[in-house]
2 protein chains.
Amino acid sequence: MELPAAQPLFVLVRPQMGENIGAAARAMYNFGLTDMALVDPRDGWPNSRATALASGAGRVLDAAHLHQTTAEAIAGCSFVFATTARSRDMTNPVYTPEAAMAEAARRIGAGQRVGVLFGPERAGLENDDIIRANAIINVPVNPDFASLNLAQCVLLTAYEWRRQTVEVPGVSTHWAGQEPATQIEVEKLADHYEQRLDEAGFFFPPHKADPMKHSLRNLWSRLPLTAADVRTLHGVLRQLLRGRQG
Amino acid sequence: MELPAAQPLFVLVRPQMGENIGAAARAMYNFGLTDMALVDPRDGWPNSRATALASGAGRVLDAAHLHQTTAEAIAGCSFVFATTARSRDMTNPVYTPEAAMAEAARRIGAGQRVGVLFGPERAGLENDDIIRANAIINVPVNPDFASLNLAQCVLLTAYEWRRQTVEVPGVSTHWAGQEPATQIEVEKLADHYEQRLDEAGFFFPPHKADPMKHSLRNLWSRLPLTAADVRTLHGVLRQLLRGRQG
């Protein structure tokens, strides 16, 4: 018995140009997907132009399953999405790529096999293919300009698969060996500037000195300084004063 | 005084092939973005191959601003993201496309102008460009295969902009003129089948009749039937019985 794959099966239905099959393979592999099926590719299979375009993602093509019909390609799937740009006279629920890949992740996590159908370049999927699907994926594009090509549609769907399944912090900081400055380092920097500015007569008139000092402290605390930045700013101040005194 | 634009400015820094500029314009316009700047494109500007590739998105190219330097292109921006595939010895915070476009939407909503830098095809952005940015966008790709091209990087960023700013229901159903069946319609359908199956001796042995009826009711309620589906299923049952009796 075949174990369910831990990722969705991307099915290219009657793809035309080999280049687009290769580009779709690259798009998939960019987001870690390797499970591709091909239904009746126009120029036969294997296809040297697909291989050339796929370059580093050739392993996706090497492992691709070839089928004569859509029904055969999705025979083992218990849930199938069909990607389409148009709304049709269909009653299938329509998912965003995000909601679709969240649903796919849920089902695949429960051991189900999920397929996603992508149509040929020009015409898109035929109704005969779409009626085999449980649901539709529709990328919410600009209604005045919907021109996603095959590889782009694969790319966005694969991107959403990864987004739904791999936890990545929204914002992170690579300190690259540089530690963020500690509170005491920032405070000493603030002290250093405040003292020298005081000596230079910066806090004038006297009744505004306190709010001015307060603003400056606030400025230092607001900056995302590294320990190295703090050292640089100490050096800047020392050097400026040295120049002045010299 | 120029009013802040209600969308981010996408800046292509030293793009090489006209085709890629055209493809970037299409990618932007797919998600409703029209505000492009070009920094020192290799083959000059305008570029006929860019125009040919952009086709329906030519208006993005027509309105694009040409600059000699990155600094000039982003002069009016108060927050700038740099897209890059590599982590560098930089301390800029690193955003996912999602978090970046959420931040951009927040800032643009507050009247700020936000720019996004995209580097040349092969080399990506240089450090000289990146140090002008407030933050980095890094698409979380497969660490074993990161090969997004310029237009794909633009596409994913533009997709996230639209996702963060245009509300689209995750799942929707186009009933296409077909209403979902009402509860009473489904109940009458269940009654019809139960009665005919009872007459046909389906609920056997007698002590299992109730659980069998229960399961069948449950099956009907679970199906997302339209009113038309219900009529079809009544017809199916009548026709099957007519055949049997004839």
# chains A, B, ... in the order shown; residues from 1 in each chain; ligands from 1

$ interface_residues --of "chain A" --to "chain B" --cutoff "9 Å" --atoms "only C-alpha atoms" --output "PyMOL selection string"
chain A and resi 26-27+29-33+56-57+87-100+140-148+152+155-156+159+162-163+166+168-178+226

$ write_last_selection --atoms "N, CA and C atoms" --output "compact mmCIF listing (two decimals), in the first residue's frame"
# COMPACT_ATOMS: atom_id res chain seq x y z
N ARG A 26 10.53 24.26 -11.61
CA ARG A 26 11.34 25.19 -10.81
C ARG A 26 10.48 25.90 -9.77
N ALA A 27 9.32 26.35 -10.20
CA ALA A 27 8.42 27.07 -9.29
C ALA A 27 8.06 26.18 -8.10
N TYR A 29 9.75 23.52 -6.95
CA TYR A 29 10.89 23.15 -6.12
C TYR A 29 11.38 24.33 -5.28
N ASN A 30 11.17 25.55 -5.78
CA ASN A 30 11.47 26.73 -4.96
C ASN A 30 10.78 26.66 -3.61
N PHE A 31 9.61 26.03 -3.59
CA PHE A 31 8.88 25.95 -2.33
C PHE A 31 8.80 24.52 -1.82
N GLY A 32 9.79 23.70 -2.25
CA GLY A 32 9.96 22.38 -1.65
C GLY A 32 9.04 21.30 -2.18
N LEU A 33 8.28 21.58 -3.24
CA LEU A 33 7.37 20.57 -3.78
C LEU A 33 8.04 19.77 -4.88
N GLY A 56 18.23 23.11 -12.17
CA GLY A 56 18.38 22.58 -10.80
C GLY A 56 17.17 21.84 -10.25
N ALA A 57 16.03 21.98 -10.92
CA ALA A 57 14.82 21.30 -10.44
C ALA A 57 14.50 20.07 -11.28
N SER A 87 -14.73 32.46 -13.56
CA SER A 87 -15.82 31.81 -12.82
C SER A 87 -16.69 31.12 -13.86
N ARG A 88 -17.21 29.99 -13.49
CA ARG A 88 -17.96 29.18 -14.44
C ARG A 88 -19.33 28.88 -13.86
N ASP A 89 -20.12 28.24 -14.67
CA ASP A 89 -21.42 27.79 -14.19
C ASP A 89 -21.24 26.52 -13.41
N MET A 90 -20.51 26.63 -12.34
CA MET A 90 -20.17 25.47 -11.53
C MET A 90 -20.57 25.81 -10.10
N THR A 91 -20.90 24.77 -9.36
CA THR A 91 -21.27 25.04 -7.98
C THR A 91 -20.16 24.65 -7.01
N ASN A 92 -18.99 24.27 -7.55
CA ASN A 92 -17.88 23.96 -6.64
C ASN A 92 -17.52 25.18 -5.82
N PRO A 93 -17.18 24.98 -4.56
CA PRO A 93 -16.70 26.13 -3.78
C PRO A 93 -15.39 26.67 -4.37
N VAL A 94 -15.22 27.97 -4.26
CA VAL A 94 -14.04 28.65 -4.80
C VAL A 94 -13.14 29.07 -3.65
N TYR A 95 -11.89 28.62 -3.67
CA TYR A 95 -10.93 28.93 -2.61
C TYR A 95 -9.89 29.94 -3.11
N THR A 96 -9.41 30.79 -2.21
CA THR A 96 -8.18 31.52 -2.49
C THR A 96 -7.03 30.51 -2.41
N PRO A 97 -5.87 30.83 -3.01
CA PRO A 97 -4.72 29.91 -2.86
C PRO A 97 -4.41 29.66 -1.38
N GLU A 98 -4.52 30.72 -0.59
CA GLU A 98 -4.24 30.61 0.84
C GLU A 98 -5.17 29.60 1.53
N ALA A 99 -6.49 29.79 1.33
CA ALA A 99 -7.45 28.90 1.97
C ALA A 99 -7.33 27.48 1.43
N ALA A 100 -7.02 27.38 0.13
CA ALA A 100 -6.90 26.05 -0.48
C ALA A 100 -5.72 25.29 0.11
N PRO A 140 -6.94 35.74 -6.54
CA PRO A 140 -7.69 37.01 -6.59
C PRO A 140 -6.87 38.12 -7.24
N VAL A 141 -6.84 38.12 -8.57
CA VAL A 141 -6.07 39.11 -9.32
C VAL A 141 -6.91 40.36 -9.57
N ASN A 142 -6.22 41.37 -10.10
CA ASN A 142 -6.84 42.60 -10.58
C ASN A 142 -7.92 42.23 -11.60
N PRO A 143 -9.18 42.56 -11.35
CA PRO A 143 -10.22 42.15 -12.30
C PRO A 143 -10.03 42.77 -13.69
N ASP A 144 -9.28 43.88 -13.77
CA ASP A 144 -9.05 44.50 -15.08
C ASP A 144 -7.87 43.88 -15.81
N PHE A 145 -7.12 42.99 -15.15
CA PHE A 145 -5.93 42.44 -15.81
C PHE A 145 -5.56 41.13 -15.14
N ALA A 146 -6.04 40.05 -15.69
CA ALA A 146 -5.75 38.72 -15.15
C ALA A 146 -4.94 37.98 -16.19
N SER A 147 -3.65 37.89 -15.99
CA SER A 147 -2.82 37.27 -17.04
C SER A 147 -1.73 36.40 -16.44
N LEU A 148 -2.07 35.64 -15.41
CA LEU A 148 -1.07 34.74 -14.83
C LEU A 148 -0.80 33.60 -15.80
N GLN A 152 3.45 30.83 -13.19
CA GLN A 152 3.13 31.80 -12.12
C GLN A 152 2.01 31.27 -11.23
N LEU A 155 3.58 28.77 -9.13
CA LEU A 155 4.42 29.45 -8.14
C LEU A 155 3.62 29.95 -6.95
N LEU A 156 2.51 30.64 -7.22
CA LEU A 156 1.71 31.21 -6.14
C LEU A 156 1.09 30.11 -5.27
N TYR A 159 3.91 28.60 -3.24
CA TYR A 159 4.27 29.58 -2.21
C TYR A 159 3.30 29.47 -1.03
N ARG A 162 3.87 26.36 1.09
CA ARG A 162 4.97 26.51 2.02
C ARG A 162 4.60 27.45 3.17
N ARG A 163 3.87 28.52 2.79
CA ARG A 163 3.48 29.49 3.82
C ARG A 163 2.57 28.84 4.86
N VAL A 166 5.25 25.79 6.64
CA VAL A 166 6.56 26.05 7.24
C VAL A 166 6.48 27.35 8.02
N VAL A 168 7.65 30.55 9.52
CA VAL A 168 8.74 31.52 9.36
C VAL A 168 8.34 32.78 10.11
N PRO A 169 9.23 33.30 10.98
CA PRO A 169 8.85 34.54 11.67
C PRO A 169 8.65 35.67 10.66
N GLY A 170 7.60 36.46 10.83
CA GLY A 170 7.29 37.55 9.90
C GLY A 170 8.44 38.54 9.80
N VAL A 171 9.02 38.86 10.94
CA VAL A 171 10.15 39.77 10.96
C VAL A 171 11.24 39.16 11.83
N SER A 172 12.44 39.13 11.32
CA SER A 172 13.55 38.62 12.13
C SER A 172 14.75 39.50 11.88
N THR A 173 15.71 39.40 12.74
CA THR A 173 16.90 40.22 12.56
C THR A 173 18.11 39.31 12.57
N HIS A 174 18.87 39.39 11.48
CA HIS A 174 20.14 38.67 11.43
C HIS A 174 21.18 39.60 12.01
N TRP A 175 21.61 39.34 13.21
CA TRP A 175 22.57 40.27 13.80
C TRP A 175 23.95 40.09 13.21
N ALA A 176 24.12 38.99 12.49
CA ALA A 176 25.36 38.80 11.73
C ALA A 176 26.57 39.00 12.64
N GLY A 177 26.51 38.38 13.79
CA GLY A 177 27.64 38.46 14.72
C GLY A 177 27.63 39.73 15.55
N GLN A 178 26.68 40.64 15.24
CA GLN A 178 26.63 41.88 16.01
C GLN A 178 25.46 41.80 16.99
N THR A 226 23.12 48.40 17.61
CA THR A 226 23.94 47.25 18.01
C THR A 226 25.02 47.76 18.97

$ select_by_dssp --residues "segment 19-130 of chain A" --states "helix (DSSP H, G or I)" --output "MDAnalysis selection string"
chainID A and resid 19:30 48:62 70:73 97:109 127:130

$ write_last_selection --atoms "C-alpha atoms" --output "PDB file, in the first residue's frame"
ATOM      1  CA  GLU A  19       9.657  25.358 -21.281  1.00  0.00           C
ATOM      2  CA  ASN A  20       6.543  25.870 -19.215  1.00  0.00           C
ATOM      3  CA  ILE A  21       6.755  22.388 -17.730  1.00  0.00           C
ATOM      4  CA  GLY A  22      10.347  23.131 -16.768  1.00  0.00           C
ATOM      5  CA  ALA A  23       9.401  26.514 -15.309  1.00  0.00           C
ATOM      6  CA  ALA A  24       6.573  24.886 -13.336  1.00  0.00           C
ATOM      7  CA  ALA A  25       9.046  22.356 -11.923  1.00  0.00           C
ATOM      8  CA  ARG A  26      11.339  25.195 -10.812  1.00  0.00           C
ATOM      9  CA  ALA A  27       8.422  27.074  -9.290  1.00  0.00           C
ATOM     10  CA  MET A  28       7.402  23.971  -7.315  1.00  0.00           C
ATOM     11  CA  TYR A  29      10.890  23.147  -6.117  1.00  0.00           C
ATOM     12  CA  ASN A  30      11.469  26.729  -4.958  1.00  0.00           C
ATOM     13  CA  SER A  48      14.355  18.077 -23.631  1.00  0.00           C
ATOM     14  CA  ARG A  49      13.187  21.710 -23.456  1.00  0.00           C
ATOM     15  CA  ALA A  50      11.478  21.029 -20.143  1.00  0.00           C
ATOM     16  CA  THR A  51      14.685  19.473 -18.826  1.00  0.00           C
ATOM     17  CA  ALA A  52      16.796  22.396 -20.039  1.00  0.00           C
ATOM     18  CA  LEU A  53      14.530  24.967 -18.383  1.00  0.00           C
ATOM     19  CA  ALA A  54      14.183  23.058 -15.120  1.00  0.00           C
ATOM     20  CA  SER A  55      17.973  22.909 -14.577  1.00  0.00           C
ATOM     21  CA  GLY A  56      18.375  22.583 -10.805  1.00  0.00           C
ATOM     22  CA  ALA A  57      14.823  21.305 -10.437  1.00  0.00           C
ATOM     23  CA  GLY A  58      15.324  18.397 -12.840  1.00  0.00           C
ATOM     24  CA  ARG A  59      14.586  15.929 -10.065  1.00  0.00           C
ATOM     25  CA  VAL A  60      10.970  17.082 -10.087  1.00  0.00           C
ATOM     26  CA  LEU A  61      10.720  16.152 -13.783  1.00  0.00           C
ATOM     27  CA  ASP A  62      12.599  12.881 -13.289  1.00  0.00           C
ATOM     28  CA  THR A  70      -6.886  13.523 -15.788  1.00  0.00           C
ATOM     29  CA  ALA A  71      -9.023  10.821 -14.177  1.00  0.00           C
ATOM     30  CA  GLU A  72      -6.029   8.458 -14.115  1.00  0.00           C
ATOM     31  CA  ALA A  73      -3.695  11.126 -12.688  1.00  0.00           C
ATOM     32  CA  PRO A  97      -4.724  29.908  -2.864  1.00  0.00           C
ATOM     33  CA  GLU A  98      -4.240  30.606   0.840  1.00  0.00           C
ATOM     34  CA  ALA A  99      -7.453  28.900   1.972  1.00  0.00           C
ATOM     35  CA  ALA A 100      -6.896  26.049  -0.484  1.00  0.00           C
ATOM     36  CA  MET A 101      -3.410  25.248   0.773  1.00  0.00           C
ATOM     37  CA  ALA A 102      -4.587  25.523   4.386  1.00  0.00           C
ATOM     38  CA  GLU A 103      -7.289  22.974   3.532  1.00  0.00           C
ATOM     39  CA  ALA A 104      -4.731  20.817   1.689  1.00  0.00           C
ATOM     40  CA  ALA A 105      -2.389  20.941   4.691  1.00  0.00           C
ATOM     41  CA  ARG A 106      -5.228  19.910   6.998  1.00  0.00           C
ATOM     42  CA  ARG A 107      -6.241  16.988   4.784  1.00  0.00           C
ATOM     43  CA  ILE A 108      -2.688  15.861   4.080  1.00  0.00           C
ATOM     44  CA  GLY A 109      -1.965  16.059   7.797  1.00  0.00           C
ATOM     45  CA  ASN A 127     -15.079  21.691 -17.899  1.00  0.00           C
ATOM     46  CA  ASP A 128     -14.485  17.937 -18.225  1.00  0.00           C
ATOM     47  CA  ASP A 129     -11.485  18.333 -15.932  1.00  0.00           C
ATOM     48  CA  ILE A 130     -13.105  20.811 -13.574  1.00  0.00           C
TER      49      ILE A 130
END

$ residues_around --residues "segment 111-121 of chain B" --least-positions-apart "5" --cutoff "10 Å" --atoms "only C-alpha atoms" --output "compact mmCIF listing (two decimals) with N, CA and C atoms, in the first residue's frame"
# COMPACT_ATOMS: atom_id res chain seq x y z
N LEU B 3 0.81 64.30 -3.32
CA LEU B 3 0.11 63.47 -2.35
C LEU B 3 0.74 62.08 -2.33
N PRO B 4 0.80 61.45 -1.16
CA PRO B 4 1.38 60.11 -1.13
C PRO B 4 0.52 59.14 -1.94
N ALA B 5 1.18 58.29 -2.71
CA ALA B 5 0.45 57.29 -3.49
C ALA B 5 -0.14 56.25 -2.55
N ALA B 6 -1.24 55.64 -2.97
CA ALA B 6 -1.90 54.66 -2.12
C ALA B 6 -1.38 53.25 -2.37
N GLN B 7 -0.19 53.15 -2.90
CA GLN B 7 0.40 51.84 -3.15
C GLN B 7 1.92 51.98 -3.09
N PRO B 8 2.62 50.86 -2.89
CA PRO B 8 4.07 50.97 -2.82
C PRO B 8 4.67 51.23 -4.21
N LEU B 9 5.84 51.85 -4.19
CA LEU B 9 6.61 52.08 -5.42
C LEU B 9 7.56 50.90 -5.61
N PHE B 10 7.46 50.21 -6.74
CA PHE B 10 8.37 49.09 -7.02
C PHE B 10 9.52 49.63 -7.88
N VAL B 11 10.74 49.51 -7.37
CA VAL B 11 11.91 50.07 -8.04
C VAL B 11 12.77 48.94 -8.61
N LEU B 12 12.89 48.89 -9.92
CA LEU B 12 13.77 47.89 -10.54
C LEU B 12 15.15 48.53 -10.70
N VAL B 13 16.11 48.00 -9.96
CA VAL B 13 17.45 48.59 -9.95
C VAL B 13 18.32 47.91 -11.01
N ARG B 14 18.81 48.70 -11.96
CA ARG B 14 19.68 48.21 -13.05
C ARG B 14 19.20 46.92 -13.69
N PRO B 15 17.92 46.87 -14.09
CA PRO B 15 17.44 45.65 -14.76
C PRO B 15 18.15 45.47 -16.08
N GLN B 16 18.33 44.21 -16.48
CA GLN B 16 19.12 43.92 -17.68
C GLN B 16 18.23 43.73 -18.90
N MET B 17 17.45 42.65 -18.93
CA MET B 17 16.69 42.36 -20.14
C MET B 17 15.33 43.06 -20.16
N ASN B 20 12.33 41.15 -19.05
CA ASN B 20 12.09 41.01 -17.61
C ASN B 20 11.40 42.24 -17.03
N ASP B 35 2.80 51.54 -9.96
CA ASP B 35 3.78 52.57 -9.63
C ASP B 35 5.19 51.98 -9.68
N MET B 36 5.83 52.13 -10.84
CA MET B 36 7.15 51.53 -11.07
C MET B 36 8.20 52.61 -11.29
N ALA B 37 9.41 52.37 -10.77
CA ALA B 37 10.54 53.23 -11.10
C ALA B 37 11.67 52.34 -11.63
N LEU B 38 12.46 52.89 -12.52
CA LEU B 38 13.58 52.15 -13.10
C LEU B 38 14.86 52.91 -12.81
N VAL B 39 15.86 52.20 -12.31
CA VAL B 39 17.16 52.81 -12.07
C VAL B 39 18.13 52.28 -13.12
N PRO B 41 18.41 51.30 -16.37
CA PRO B 41 18.26 50.01 -17.07
C PRO B 41 19.38 49.82 -18.10
N ARG B 42 19.92 48.62 -18.18
CA ARG B 42 21.12 48.35 -18.99
C ARG B 42 20.97 48.79 -20.44
N THR B 70 19.77 54.79 -7.42
CA THR B 70 18.78 54.27 -6.47
C THR B 70 18.37 55.38 -5.50
N ALA B 73 15.77 57.49 -6.96
CA ALA B 73 14.48 56.82 -7.13
C ALA B 73 13.67 56.79 -5.85
N ILE B 74 14.37 56.65 -4.72
CA ILE B 74 13.66 56.49 -3.45
C ILE B 74 13.68 57.76 -2.60
N ALA B 75 14.09 58.87 -3.21
CA ALA B 75 14.25 60.11 -2.45
C ALA B 75 12.98 60.49 -1.68
N GLY B 76 11.82 60.22 -2.25
CA GLY B 76 10.56 60.61 -1.60
C GLY B 76 9.98 59.57 -0.67
N CYS B 77 10.65 58.45 -0.51
CA CYS B 77 10.11 57.38 0.33
C CYS B 77 10.57 57.53 1.77
N SER B 78 9.67 57.26 2.71
CA SER B 78 10.10 57.30 4.11
C SER B 78 10.40 55.91 4.65
N PHE B 79 10.10 54.89 3.88
CA PHE B 79 10.48 53.53 4.29
C PHE B 79 10.74 52.72 3.04
N VAL B 80 11.87 52.01 3.04
CA VAL B 80 12.28 51.28 1.84
C VAL B 80 12.66 49.85 2.20
N PHE B 81 12.08 48.91 1.46
CA PHE B 81 12.47 47.51 1.58
C PHE B 81 13.41 47.15 0.43
N ALA B 82 14.37 46.28 0.71
CA ALA B 82 15.24 45.72 -0.34
C ALA B 82 14.99 44.23 -0.40
N THR B 83 14.67 43.72 -1.59
CA THR B 83 14.47 42.28 -1.72
C THR B 83 15.81 41.62 -2.00
N THR B 84 16.08 40.55 -1.28
CA THR B 84 17.33 39.84 -1.52
C THR B 84 17.18 38.38 -1.14
N ALA B 100 6.11 42.17 5.29
CA ALA B 100 6.56 43.41 4.65
C ALA B 100 5.38 44.18 4.07
N MET B 101 4.50 43.48 3.36
CA MET B 101 3.38 44.18 2.73
C MET B 101 2.34 44.61 3.77
N GLU B 103 3.26 45.69 6.73
CA GLU B 103 3.92 46.91 7.22
C GLU B 103 3.75 48.05 6.21
N ALA B 104 3.92 47.72 4.92
CA ALA B 104 3.76 48.74 3.87
C ALA B 104 2.33 49.28 3.89
N ALA B 105 1.36 48.39 4.03
CA ALA B 105 -0.05 48.82 4.03
C ALA B 105 -0.32 49.75 5.21
N ARG B 106 0.28 49.41 6.36
CA ARG B 106 0.10 50.22 7.56
C ARG B 106 0.70 51.62 7.35
N GLU B 126 23.12 45.26 -4.90
CA GLU B 126 24.45 45.43 -4.31
C GLU B 126 24.30 45.99 -2.90
N ASP B 129 23.09 49.46 -2.49
CA ASP B 129 21.65 49.69 -2.56
C ASP B 129 20.99 49.27 -1.25
N ILE B 130 21.45 48.13 -0.73
CA ILE B 130 20.79 47.55 0.45
C ILE B 130 20.95 48.46 1.67
N ARG B 132 20.78 51.50 1.79
CA ARG B 132 19.81 52.59 1.75
C ARG B 132 18.43 52.16 2.24
N ALA B 133 18.25 50.84 2.39
CA ALA B 133 16.92 50.33 2.75
C ALA B 133 16.77 50.26 4.26
N ASN B 134 15.54 50.39 4.73
CA ASN B 134 15.26 50.25 6.16
C ASN B 134 15.11 48.80 6.57
N ALA B 135 14.76 47.96 5.62
CA ALA B 135 14.51 46.56 5.95
C ALA B 135 14.66 45.71 4.69
N ILE B 136 14.76 44.42 4.91
CA ILE B 136 14.98 43.46 3.82
C ILE B 136 13.74 42.58 3.68
N ILE B 137 13.41 42.24 2.45
CA ILE B 137 12.38 41.22 2.20
C ILE B 137 13.09 39.98 1.68
N LEU B 148 14.31 32.14 -7.61
CA LEU B 148 13.27 33.05 -8.08
C LEU B 148 13.88 34.06 -9.04
N ASN B 149 13.22 34.28 -10.15
CA ASN B 149 13.71 35.33 -11.04
C ASN B 149 13.06 36.67 -10.67
N LEU B 150 13.48 37.72 -11.40
CA LEU B 150 13.02 39.06 -11.07
C LEU B 150 11.49 39.16 -11.09
N ALA B 151 10.87 38.70 -12.18
CA ALA B 151 9.41 38.85 -12.30
C ALA B 151 8.69 38.02 -11.24
N CYS B 153 9.81 37.36 -8.21
CA CYS B 153 9.96 38.07 -6.93
C CYS B 153 8.98 39.25 -6.88
N VAL B 154 8.85 39.95 -8.00
CA VAL B 154 7.87 41.03 -8.09
C VAL B 154 6.45 40.47 -7.92
N THR B 157 5.64 39.55 -4.27
CA THR B 157 5.50 40.75 -3.43
C THR B 157 4.19 41.47 -3.76

$ select_by_dssp --residues "segment 2-185 of chain B" --states "strand (DSSP E or B)" --output "VMD selection string"
chain B and resid 9 to 13 36 to 39 65 to 67 79 to 83 93 to 95 114 to 118 135 to 137 171 to 173 180

$ atom_distance --atom1 "atom CA of His207 of chain B" --atom2 "atom CA of Leu233 of chain B"
27.7 Å

$ residues_around --residues "segment 186-188 of chain A" --least-positions-apart "4" --cutoff "7 Å" --atoms "only C-alpha atoms" --output "ChimeraX atom specification"
/A:181-182,192,220,230

$ write_last_selection --atoms "all heavy atoms" --output "CSV table (one decimal), in the first residue's frame"
chain,number,residue,atom,x,y,z
A,181,ALA,N,22.6,46.3,21.2
A,181,ALA,CA,23.2,47.0,22.4
A,181,ALA,C,22.3,46.7,23.6
A,181,ALA,O,21.0,46.6,23.5
A,181,ALA,CB,23.2,48.5,22.2
A,182,THR,N,22.9,46.6,24.8
A,182,THR,CA,22.1,46.4,26.0
A,182,THR,C,21.6,47.8,26.5
A,182,THR,O,22.1,48.8,26.1
A,182,THR,CB,23.0,45.7,27.1
A,182,THR,OG1,24.1,46.6,27.4
A,182,THR,CG2,23.5,44.4,26.7
A,192,HIS,N,27.0,60.0,27.8
A,192,HIS,CA,28.2,60.6,27.2
A,192,HIS,C,27.8,61.8,26.3
A,192,HIS,O,28.3,62.9,26.5
A,192,HIS,CB,28.9,59.5,26.3
A,192,HIS,CG,30.2,59.9,25.8
A,192,HIS,ND1,30.9,59.1,24.9
A,192,HIS,CD2,31.0,61.0,26.0
A,192,HIS,CE1,32.1,59.7,24.6
A,192,HIS,NE2,32.1,60.8,25.2
A,220,TRP,N,17.7,58.1,21.6
A,220,TRP,CA,18.6,57.0,21.7
A,220,TRP,C,17.8,55.6,21.9
A,220,TRP,O,18.2,54.6,21.4
A,220,TRP,CB,19.6,57.2,22.8
A,220,TRP,CG,20.5,58.3,22.6
A,220,TRP,CD1,20.7,59.4,23.5
A,220,TRP,CD2,21.5,58.5,21.6
A,220,TRP,NE1,21.6,60.3,23.0
A,220,TRP,CE2,22.1,59.8,21.8
A,220,TRP,CE3,21.8,57.8,20.4
A,220,TRP,CZ2,23.1,60.3,20.9
A,220,TRP,CZ3,22.8,58.3,19.6
A,220,TRP,CH2,23.4,59.5,19.8
A,230,VAL,N,27.0,51.5,19.1
A,230,VAL,CA,27.2,52.3,20.3
A,230,VAL,C,28.7,52.7,20.4
A,230,VAL,O,29.0,53.9,20.6
A,230,VAL,CB,26.8,51.5,21.6
A,230,VAL,CG1,27.3,52.3,22.8
A,230,VAL,CG2,25.3,51.4,21.6

$ closest_residue --among "B:Gln183, B:Ala85, B:Ala158, B:Ala123" --to "Ala227 of chain B" --atoms "only C-alpha atoms"
B:Gln183

$ atom_distance --atom1 "atom CA of Phe202 of chain A" --atom2 "atom CA of Leu237 of chain A"
14.0 Å
